[in-house]
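See structure below.
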Amino acid sequence: MKTPIPPPEDAMLPHRPHVAVVVIGHDDAAHVTDAVRSALGQGPAVGEVIAVDDCSTDGSAGLLDRLAQDEPRLRVIRRPVNSGGCGTPRNTGLAAVTSPYVMFLDSDDVLPPGAVDALLTAATGADAEVAAGLCVRRELPSGREVPWEPGLYAAPAVLARPAHRPRLLHDTLCVNKLYATAFLHAHGIRFPDGRFPYEDVVFTARVWAAAPRVALVPDRVYVWHVRRSARRLSISLDRAGIDNWRARTHACRTAYDVLLGAGQKRLARRARAKFLDRELRMYVRELPLRDEEYRRLWWTHTREFLAGYDAADWTRDPLAPGRLIGRVVLASPEPRDLPRLRELAARPARLCPPYARTADGTPCWSDDLPEVGLEALPARPVPFLPLAVDAELRPRGRGLRLRLRLHELYGRVAQAGPETAEVEWRHRDRDGTAVRCTVPLRPSGDGTWAAETTVRADRLAALGGGAWDLWLRLRFRDGSGRRVTAHALTGPGLLRRRALPSPRHGLVLVHPYATHSGSLALRVAPGVRGVVRVLRDRLRRLSR
């Protein structure tokens, strides 16, 4: 039975305040006032901003008190003891809300202009208990923005219940949504209290389990600031310790139990699939960077977690990268094949050699793990194949030559007939900035296909220094195509930093490197000043 919410005609009046924004923070004096001002700046639709200070010791509460002196809509609540997490202060703020609708905001993020109006209009117009919009992750200091689950918010939509769009399970954020306060209270929906990392995963599962009517909007409604160089990393970035992985799996297991307990079997199954596709792949990409002790603990814990999955979790598309990784982990009692698993966890996935077969010729993961079968791989459509392309950079005259090699995959590549590769160097921090060329793919004597092209470092430098990612679009004789990245070969001299002559800049410093997922990328610094700055920063890092 749907929980009643305020009449739509009343809420549609733009001059009536209907929304409370709960802002939480702890020892974040540098950012908390910006967050609060972004909420107050939403206009008259925001009737109250409740700032919950979780026992800060850096003067945050004083800043909020001074701001509240001139802003009657702002209320400051000080918690006497630090809760150790984000859930308790959010619950404290939620309990103090008097408005019909509520949103949540973290002290180091901001609401973009118009966010509340967009969500409130959608919620009231559709008589929805929840309205959600696009969140963007803004990397600082570069300012690069990456949309979070953009496919969900490509167009306006109204869903009678979340089960009508299971992809909602992939958006576990609580902050890009507006909630009917009465709906949360009626269903007893709260955040986990105390130190509970990834509390929003559980909170969002509780929301979807209550089957609300949902309105989706394409508007940007939340800016998530990502500060990777911060002294104190956020929970989502601080993944170096095994406790972080245990907390992540605990939150995902709890979310699954919440959905299953509410009878939302389809959503519960989708939550498990999401874990394989997102969380498992994310941590596997970083696994080769961890020490041996972490890897051993991670592997043991992951096997125990995945042992709770049933046959149905594995039989639906068993060659999906996350499922294949999970099957390998379950099949081996000890960590193994980490470089190959890292490539499979990349986006897009790459299944690198060796390509093994069982005694009867059936494709399998490896000679040591023949029970992990790949029998469906030769029939998989080309756009979904985990194609592996190696990339190496060699000096050529006064520049660099890029060599690409596409591997066969149980005869499927030859069947499709590779013809060309569009080579694209894309600037990581500047959307739409790219340098492209198309080169033919030619068969080699070793059963692979090869292509070569020059890296135009001078042209990259003219478009901007910074990181450039290599993307490829492979075209095949049967008309199909596949967009992939390339595995960076790391032999002697292949990833050396080089200063190349440039008619325009004098010098261009080019540093090839492998990303966390093993893909080839470049850092480019144009001009003598740029070269000196990069070298100075390098020396500073080495001296620490």
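Ligands are numbered from 1 in the order shown, residues from 1 within each chain, and chains are lettered A, B, ... in the order they appear in the structure tokens.
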Open item on the list: List the spatial neighbours of A:Arg213 as a list in words - criterion: any atom at most 6 Å away, only C-alpha atoms, same-chain residues fewer than 2 positions off excluded.
Closed with: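 Selected residues are Ala128, Glu129, Leu159, Ala160 and Arg161 of chain A.
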TODO: Excluding A:Gly241 and residues on its chain fewer than 4 positions from it, collect all residues at most 12 Å away from it, counting only C-alpha atoms, and give them as a list in words.
DONE: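 After dropping sequence-adjacent residues, the list is Ile235, Ser236, Leu237, Trp245, Arg246, Ala247, Arg248, Tyr283, Glu286, Leu287, Leu289, Arg290, Asp291, Glu293, Tyr294, Arg295, Leu297 and Trp298 of chain A.
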Open item on the list: When you count only C-alpha atoms, which of these residues is closest to A:Leu119: A:Leu441, A:Ala359, A:Val49, A:Val214?
Closed with: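 Among the listed residues, A:Val214 lies closest to A:Leu119.
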- [ ] Have a look at atom CA of A:Val81 and atom CA of A:Asp54 and let me know their distance in Å, one decimal.
- [x]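 According to the coordinates, atom CA of A:Val81 and atom CA of A:Asp54 are separated by 7.1 Å.
Within the 10 Å cut-off around A:Leu120, using only C-alpha atoms and omitting residues fewer than 6 positions from it on the same chain, the listed residues are Ala11, Met12, Pro14, His18, Val19, Ala45, Val46, Tyr101, Val102, Ala126, Ala128, Val130, Ala131, Ala132, Lys177, Leu178, Tyr179, Ala180 and Ala215 of chain A.
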Would you mind exporting C-alpha atoms of the selected residues as a PDB file, in the first residue's frame?
ATOM      1  CA  ALA A  11       3.686  21.074  -3.731  1.00  0.00           C
ATOM      2  CA  MET A  12       3.775  22.382  -7.277  1.00  0.00           C
ATOM      3  CA  PRO A  14       7.224  27.233  -6.568  1.00  0.00           C
ATOM      4  CA  HIS A  18       8.836  21.774   0.789  1.00  0.00           C
ATOM      5  CA  VAL A  19      12.327  20.303   0.986  1.00  0.00           C
ATOM      6  CA  ALA A  45      11.799  25.293  -2.446  1.00  0.00           C
ATOM      7  CA  VAL A  46      14.256  24.542   0.373  1.00  0.00           C
ATOM      8  CA  TYR A 101      10.573  15.974   1.370  1.00  0.00           C
ATOM      9  CA  VAL A 102      14.201  15.428   2.316  1.00  0.00           C
ATOM     10  CA  ALA A 126       4.396  12.008 -10.832  1.00  0.00           C
ATOM     11  CA  ALA A 128       6.315   9.709  -6.564  1.00  0.00           C
ATOM     12  CA  VAL A 130      11.329   9.045  -4.619  1.00  0.00           C
ATOM     13  CA  ALA A 131      12.837  11.236  -7.330  1.00  0.00           C
ATOM     14  CA  ALA A 132      16.381  10.644  -8.585  1.00  0.00           C
ATOM     15  CA  LYS A 177      17.648  11.452  -4.618  1.00  0.00           C
ATOM     16  CA  LEU A 178      14.733  13.272  -3.003  1.00  0.00           C
ATOM     17  CA  TYR A 179      12.506  11.282  -0.645  1.00  0.00           C
ATOM     18  CA  ALA A 180       9.008  11.823   0.712  1.00  0.00           C
ATOM     19  CA  ALA A 215      10.555   9.542 -10.929  1.00  0.00           C
TER      20      ALA A 215
END
- [ ] Would you kindly return, as a list in words, each protein, DNA or RNA residue with an atom no farther than 7 Å from any atom of stretch 454-456 of chain A, considering only C-alpha atoms and excluding same-chain residues fewer than 2 positions away?
- [x] Leu400, Arg401, Leu402, Asp458, Arg459 and Leu460 of chain A
TODO: Looking only at helix (DSSP H, G or I) from DSSP on the backbone, list the matching residues of stretch 378-481 of chain A as a PyMOL selection string.
DONE: chain A and resi 378-379+382-384+412-416+457-463
Restricting the output to N, CA and C atoms, write the selected residues as an mmCIF file, in the first residue's frame.
data_model
loop_
_atom_site.group_PDB
_atom_site.id
_atom_site.type_symbol
_atom_site.label_atom_id
_atom_site.label_comp_id
_atom_site.auth_asym_id
_atom_site.auth_seq_id
_atom_site.Cartn_x
_atom_site.Cartn_y
_atom_site.Cartn_z
ATOM 1 N N PRO A 378 33.062 -19.235 -28.242
ATOM 2 C CA PRO A 378 33.118 -19.129 -29.713
ATOM 3 C C PRO A 378 31.809 -18.676 -30.352
ATOM 4 N N ALA A 379 30.688 -18.820 -29.661
ATOM 5 C CA ALA A 379 29.403 -18.400 -30.220
ATOM 6 C C ALA A 379 29.000 -16.998 -29.784
ATOM 7 N N VAL A 382 30.430 -10.673 -31.612
ATOM 8 C CA VAL A 382 31.672 -9.898 -31.594
ATOM 9 C C VAL A 382 31.606 -8.684 -30.658
ATOM 10 N N PRO A 383 30.507 -7.902 -30.629
ATOM 11 C CA PRO A 383 30.488 -6.738 -29.725
ATOM 12 C C PRO A 383 30.617 -7.087 -28.249
ATOM 13 N N PHE A 384 30.487 -8.373 -27.891
ATOM 14 C CA PHE A 384 30.573 -8.772 -26.487
ATOM 15 C C PHE A 384 31.784 -9.660 -26.211
ATOM 16 N N ARG A 412 37.152 -17.309 -33.156
ATOM 17 C CA ARG A 412 36.057 -16.363 -33.345
ATOM 18 C C ARG A 412 36.516 -15.102 -34.077
ATOM 19 N N VAL A 413 37.752 -14.676 -33.839
ATOM 20 C CA VAL A 413 38.260 -13.458 -34.477
ATOM 21 C C VAL A 413 38.452 -13.682 -35.974
ATOM 22 N N ALA A 414 39.058 -14.818 -36.331
ATOM 23 C CA ALA A 414 39.255 -15.122 -37.755
ATOM 24 C C ALA A 414 37.915 -15.238 -38.465
ATOM 25 N N GLN A 415 36.926 -15.813 -37.795
ATOM 26 C CA GLN A 415 35.593 -15.948 -38.385
ATOM 27 C C GLN A 415 34.997 -14.584 -38.702
ATOM 28 N N ALA A 416 35.195 -13.596 -37.802
ATOM 29 C CA ALA A 416 34.661 -12.256 -38.026
ATOM 30 C C ALA A 416 35.462 -11.486 -39.056
ATOM 31 N N ALA A 457 52.953 13.017 -30.715
ATOM 32 C CA ALA A 457 53.072 13.665 -29.408
ATOM 33 C C ALA A 457 52.936 15.178 -29.501
ATOM 34 N N ASP A 458 53.453 15.762 -30.579
ATOM 35 C CA ASP A 458 53.362 17.215 -30.735
ATOM 36 C C ASP A 458 51.910 17.665 -30.844
ATOM 37 N N ARG A 459 51.098 16.876 -31.554
ATOM 38 C CA ARG A 459 49.692 17.237 -31.695
ATOM 39 C C ARG A 459 48.953 17.060 -30.363
ATOM 40 N N LEU A 460 49.283 15.978 -29.632
ATOM 41 C CA LEU A 460 48.673 15.796 -28.322
ATOM 42 C C LEU A 460 49.016 16.968 -27.406
ATOM 43 N N ALA A 461 50.279 17.379 -27.414
ATOM 44 C CA ALA A 461 50.703 18.484 -26.553
ATOM 45 C C ALA A 461 49.990 19.780 -26.911
ATOM 46 N N ALA A 462 49.749 19.985 -28.209
ATOM 47 C CA ALA A 462 49.060 21.210 -28.629
ATOM 48 C C ALA A 462 47.627 21.260 -28.107
ATOM 49 N N LEU A 463 47.025 20.090 -27.896
ATOM 50 C CA LEU A 463 45.649 20.031 -27.397
ATOM 51 C C LEU A 463 45.579 20.037 -25.881
#
- [ ] Excluding A:Leu306 and residues on its chain fewer than 4 positions from it, collect all residues at most 10 Å away from it, counting only C-alpha atoms, and give them as number ranges by chain.
- [x] A: 249, 272, 276, 301-302, 310, 313, 326-327, 329-330
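The space separating atom CA of A:Asp65 from atom CA of A:Val221 comes to 26.4 Å.
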Select from stretch 77-169 of chain A every residue with an atom at most 9 Å from any atom of stretch 429-437 of chain A, then for each give the shortest pair of atoms and their distance in Å to one decimal, using only C-alpha atoms, rows by chain and rising number, as JSON lines.
{"residue": "A:Glu139", "atom": "CA", "partner": "A:Asp429", "partner_atom": "CA", "distance": 8.8}
{"residue": "A:Ser142", "atom": "CA", "partner": "A:Asp429", "partner_atom": "CA", "distance": 6.8}
{"residue": "A:Gly143", "atom": "CA", "partner": "A:Asp429", "partner_atom": "CA", "distance": 7.3}
{"residue": "A:Arg144", "atom": "CA", "partner": "A:Asp429", "partner_atom": "CA", "distance": 4.7}
{"residue": "A:Glu145", "atom": "CA", "partner": "A:Asp429", "partner_atom": "CA", "distance": 7.7}
- [ ] Find the spatial neighbours of stretch 61-63 of chain A, counting only C-alpha atoms, within a cut-off of 12 Å - ignore same-chain residues fewer than 2 positions away - and output them as a PyMOL selection string.
- [x] chain A and resi 24-34+36-37+51-59+65-70+75-80+107
- [ ] List every residue of stretch 9-89 of chain A that DSSP, applied to the backbone, labels as strand (DSSP E), and write the result as a PyMOL selection string.
- [x] chain A and resi 19-25+46-53+74-78
Selection file, N, CA, C and O atoms, as an mmCIF file, in the first residue's frame:
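This is the output file part11.cif:
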data_model
loop_
_atom_site.group_PDB
_atom_site.id
_atom_site.type_symbol
_atom_site.label_atom_id
_atom_site.label_comp_id
_atom_site.auth_asym_id
_atom_site.auth_seq_id
_atom_site.Cartn_x
_atom_site.Cartn_y
_atom_site.Cartn_z
ATOM 1 N N VAL A 19 11.203 21.238 0.926
ATOM 2 C CA VAL A 19 12.327 20.303 0.986
ATOM 3 C C VAL A 19 13.265 20.673 2.123
ATOM 4 O O VAL A 19 13.597 21.855 2.321
ATOM 5 N N ALA A 20 13.695 19.645 2.852
ATOM 6 C CA ALA A 20 14.773 19.789 3.831
ATOM 7 C C ALA A 20 16.025 19.146 3.257
ATOM 8 O O ALA A 20 15.950 18.072 2.649
ATOM 9 N N VAL A 21 17.156 19.781 3.453
ATOM 10 C CA VAL A 21 18.434 19.213 3.049
ATOM 11 C C VAL A 21 19.241 18.942 4.315
ATOM 12 O O VAL A 21 19.527 19.867 5.080
ATOM 13 N N VAL A 22 19.572 17.680 4.540
ATOM 14 C CA VAL A 22 20.381 17.280 5.698
ATOM 15 C C VAL A 22 21.840 17.215 5.262
ATOM 16 O O VAL A 22 22.203 16.418 4.392
ATOM 17 N N VAL A 23 22.667 18.078 5.851
ATOM 18 C CA VAL A 23 24.098 18.131 5.542
ATOM 19 C C VAL A 23 24.854 17.549 6.729
ATOM 20 O O VAL A 23 24.653 17.984 7.865
ATOM 21 N N ILE A 24 25.708 16.568 6.476
ATOM 22 C CA ILE A 24 26.483 15.973 7.569
ATOM 23 C C ILE A 24 27.964 16.245 7.353
ATOM 24 O O ILE A 24 28.433 16.359 6.214
ATOM 25 N N GLY A 25 28.707 16.363 8.464
ATOM 26 C CA GLY A 25 30.140 16.592 8.346
ATOM 27 C C GLY A 25 30.875 16.322 9.638
ATOM 28 O O GLY A 25 30.306 16.393 10.731
ATOM 29 N N VAL A 46 13.590 25.085 -0.813
ATOM 30 C CA VAL A 46 14.256 24.542 0.373
ATOM 31 C C VAL A 46 13.775 25.325 1.590
ATOM 32 O O VAL A 46 14.088 26.502 1.756
ATOM 33 N N GLY A 47 13.008 24.651 2.438
ATOM 34 C CA GLY A 47 12.486 25.315 3.624
ATOM 35 C C GLY A 47 13.400 25.226 4.814
ATOM 36 O O GLY A 47 13.336 26.068 5.722
ATOM 37 N N GLU A 48 14.272 24.210 4.836
ATOM 38 C CA GLU A 48 15.187 24.057 5.966
ATOM 39 C C GLU A 48 16.427 23.294 5.528
ATOM 40 O O GLU A 48 16.358 22.372 4.711
ATOM 41 N N VAL A 49 17.552 23.728 6.066
ATOM 42 C CA VAL A 49 18.813 23.013 5.919
ATOM 43 C C VAL A 49 19.248 22.622 7.318
ATOM 44 O O VAL A 49 19.410 23.484 8.192
ATOM 45 N N ILE A 50 19.405 21.338 7.541
ATOM 46 C CA ILE A 50 19.778 20.826 8.856
ATOM 47 C C ILE A 50 21.211 20.333 8.773
ATOM 48 O O ILE A 50 21.496 19.329 8.114
ATOM 49 N N ALA A 51 22.130 21.073 9.379
ATOM 50 C CA ALA A 51 23.550 20.715 9.371
ATOM 51 C C ALA A 51 23.862 19.950 10.649
ATOM 52 O O ALA A 51 23.734 20.493 11.751
ATOM 53 N N VAL A 52 24.264 18.697 10.505
ATOM 54 C CA VAL A 52 24.591 17.845 11.649
ATOM 55 C C VAL A 52 26.101 17.726 11.733
ATOM 56 O O VAL A 52 26.744 17.134 10.860
ATOM 57 N N ASP A 53 26.661 18.327 12.782
ATOM 58 C CA ASP A 53 28.104 18.257 13.001
ATOM 59 C C ASP A 53 28.391 17.061 13.907
ATOM 60 O O ASP A 53 27.939 17.003 15.050
ATOM 61 N N LEU A 74 18.622 27.726 8.344
ATOM 62 C CA LEU A 74 19.686 26.805 8.747
ATOM 63 C C LEU A 74 19.594 26.472 10.222
ATOM 64 O O LEU A 74 19.578 27.369 11.068
ATOM 65 N N ARG A 75 19.547 25.183 10.519
ATOM 66 C CA ARG A 75 19.619 24.706 11.888
ATOM 67 C C ARG A 75 20.862 23.847 12.048
ATOM 68 O O ARG A 75 21.138 22.983 11.194
ATOM 69 N N VAL A 76 21.587 24.068 13.125
ATOM 70 C CA VAL A 76 22.815 23.315 13.386
ATOM 71 C C VAL A 76 22.579 22.383 14.567
ATOM 72 O O VAL A 76 22.138 22.818 15.629
ATOM 73 N N ILE A 77 22.887 21.117 14.365
ATOM 74 C CA ILE A 77 22.792 20.120 15.431
ATOM 75 C C ILE A 77 24.188 19.566 15.673
ATOM 76 O O ILE A 77 24.829 19.076 14.741
ATOM 77 N N ARG A 78 24.625 19.666 16.922
ATOM 78 C CA ARG A 78 25.952 19.143 17.272
ATOM 79 C C ARG A 78 25.796 17.808 18.005
ATOM 80 O O ARG A 78 25.110 17.730 19.018
#
Open item on the list: At a cut-off of 12 Å, using only C-alpha atoms, what residues contact A:His164? Leave out same-chain residues fewer than 4 positions from it and give the result as a ChimeraX atom specification.
Closed with: /A:157-160,168-169,208,211-214,264,266-267
Open item on the list: Let me make sure I understand: among A:Leu94, A:Ala499, A:Val207, A:Leu494, which one has the smallest atom-to-atom distance to A:Arg394 if we use only C-alpha atoms?
Closed with: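 When distances to A:Arg394 are compared using only C-alpha atoms, the smallest one comes from A:Leu494.
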